[in-house]
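Enquirer: The following block contains the structure, expressed as structure tokens.
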Amino acid sequence: MDFDFLKDRYDFELARQENLTSALTLPVGILTGLGGVVAAMVQSFAFGHPAWTSLFLVLFFADVVAFVGALYSLALAYHGQDYGYLPRLGELRSDEEELRRYFVEHGGDEELARAEFQQQLERRIIDAADRSAASNERRATYLHRARQWLLVVAMLTFLT
């Protein structure tokens, strides 16, 4: 595979990680605001008429369930991170030197060692990018669910 393509995919998944983390800010802010509105409604509701009180409590309970669903999905989107990274540059350099030494000691040349190291590095990039892509997909799914729950919270808050 083309090394630049692999490097670009690895960089893309790391950038996507940052974008997903940034995308959590708005839903958290909206959820916080809606939670404050619901809390204010509960405090100011006049629990007098039984029919209105029952309707209010049913809508309030549904709103709380949706709120918890949104909060749970946002928590999973934030904490569900399992990213793959390349080793530090010093470790890569050490691995390359060790491989070169091994090849030279066993009758190979430095060009073969360089080619083998390149293949190992490509495998590491692929593994890290694949792991990051899977994590990003999981987080994007949780973020999407959180947004769906957030819409339900908004509608139920309005109805309440």
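Chain identifiers are assigned as A, B, and so on, following the order in which chains appear in the structure tokens; residues are numbered from 1 within each chain, and ligands are numbered from 1 in order of appearance.
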If we count only C-alpha atoms and set the cut-off at 12 Å, which residues sit around Phe158 in chain A, ignoring sequence neighbours fewer than 3 positions away in its own chain? Please answer as a ChimeraX atom specification.
Expert: /A:34,37-38,41,56,59-60,63,151-155
Enquirer: Take the selection from the previous step and output its residues with N, CA, C and O atoms, as a CSV table (one decimal), in the first residue's frame.
Expert:
chain,number,residue,atom,x,y,z
A,34,LEU,N,-31.9,22.2,29.2
A,34,LEU,CA,-33.2,21.6,29.4
A,34,LEU,C,-33.5,21.0,30.7
A,34,LEU,O,-34.6,21.1,31.3
A,37,VAL,N,-34.6,23.8,32.9
A,37,VAL,CA,-35.9,24.2,32.6
A,37,VAL,C,-36.9,23.2,33.3
A,37,VAL,O,-37.9,23.6,34.0
A,38,VAL,N,-36.6,21.9,33.2
A,38,VAL,CA,-37.5,20.9,33.8
A,38,VAL,C,-37.4,21.0,35.4
A,38,VAL,O,-38.5,21.0,36.0
A,41,MET,N,-39.6,23.9,36.3
A,41,MET,CA,-41.0,23.6,36.1
A,41,MET,C,-41.6,22.8,37.3
A,41,MET,O,-42.7,23.0,37.8
A,56,PHE,N,-49.0,16.0,34.2
A,56,PHE,CA,-47.7,16.6,34.4
A,56,PHE,C,-46.7,15.5,34.9
A,56,PHE,O,-45.6,15.5,34.4
A,59,LEU,N,-45.7,13.1,32.0
A,59,LEU,CA,-44.7,13.8,31.1
A,59,LEU,C,-43.4,14.1,31.8
A,59,LEU,O,-42.3,13.9,31.1
A,60,PHE,N,-43.4,14.5,33.0
A,60,PHE,CA,-42.2,14.7,33.8
A,60,PHE,C,-41.4,13.4,33.8
A,60,PHE,O,-40.1,13.4,33.6
A,63,ASP,N,-39.9,12.6,30.6
A,63,ASP,CA,-38.8,13.6,30.3
A,63,ASP,C,-37.5,13.1,31.0
A,63,ASP,O,-36.4,13.2,30.5
A,151,LEU,N,-33.6,15.2,21.3
A,151,LEU,CA,-34.8,15.7,20.6
A,151,LEU,C,-36.0,15.3,21.4
A,151,LEU,O,-36.9,16.1,21.5
A,152,VAL,N,-36.0,14.0,21.9
A,152,VAL,CA,-37.1,13.6,22.7
A,152,VAL,C,-37.2,14.4,24.0
A,152,VAL,O,-38.3,14.8,24.4
A,153,VAL,N,-36.1,14.7,24.6
A,153,VAL,CA,-36.1,15.5,25.8
A,153,VAL,C,-36.7,16.9,25.5
A,153,VAL,O,-37.5,17.4,26.2
A,154,ALA,N,-36.3,17.5,24.4
A,154,ALA,CA,-36.8,18.8,24.0
A,154,ALA,C,-38.3,18.8,23.8
A,154,ALA,O,-39.0,19.7,24.3
A,155,MET,N,-38.8,17.8,23.1
A,155,MET,CA,-40.2,17.7,22.8
A,155,MET,C,-41.0,17.4,24.1
A,155,MET,O,-42.0,18.1,24.3
Enquirer: Quick one: DSSP helix (DSSP H, G or I) residues in range 34-102 of chain A, as a ChimeraX atom specification?
Expert: /A:34-44,50-79,89-102
Enquirer: Near range 112-117 of chain A, counting only C-alpha atoms, which residues have an atom at most 12 Å away, once you skip same-chain residues fewer than 2 positions from it, shown as a list of chain:residue names?
Expert: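 Everything that qualifies: A:Leu92, A:Arg93, A:Ser94, A:Asp95, A:Glu96, A:Glu97, A:Glu98, A:Leu99, A:Arg100, A:Arg101, A:Tyr102, A:Phe103, A:Val104, A:Glu105, A:His106, A:Gly107, A:Gly108, A:Asp109, A:Glu110, A:Gln119, A:Gln120, A:Leu121, A:Glu122, A:Arg123, A:Arg124.
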Enquirer: If we count only C-alpha atoms, what is near range 139-143 of chain A at a cut-off of 12 Å, once residues fewer than 3 positions away on the same chain are taken out, given as a VMD selection string?
Expert: chain A and resid 16 to 28 69 to 83 132 to 136 146 to 150
Enquirer: May I ask for the distance between CA of Trp52 in chain A and CA of Phe67 in chain A, given in Å to one decimal place?
Expert: 21.9 Å
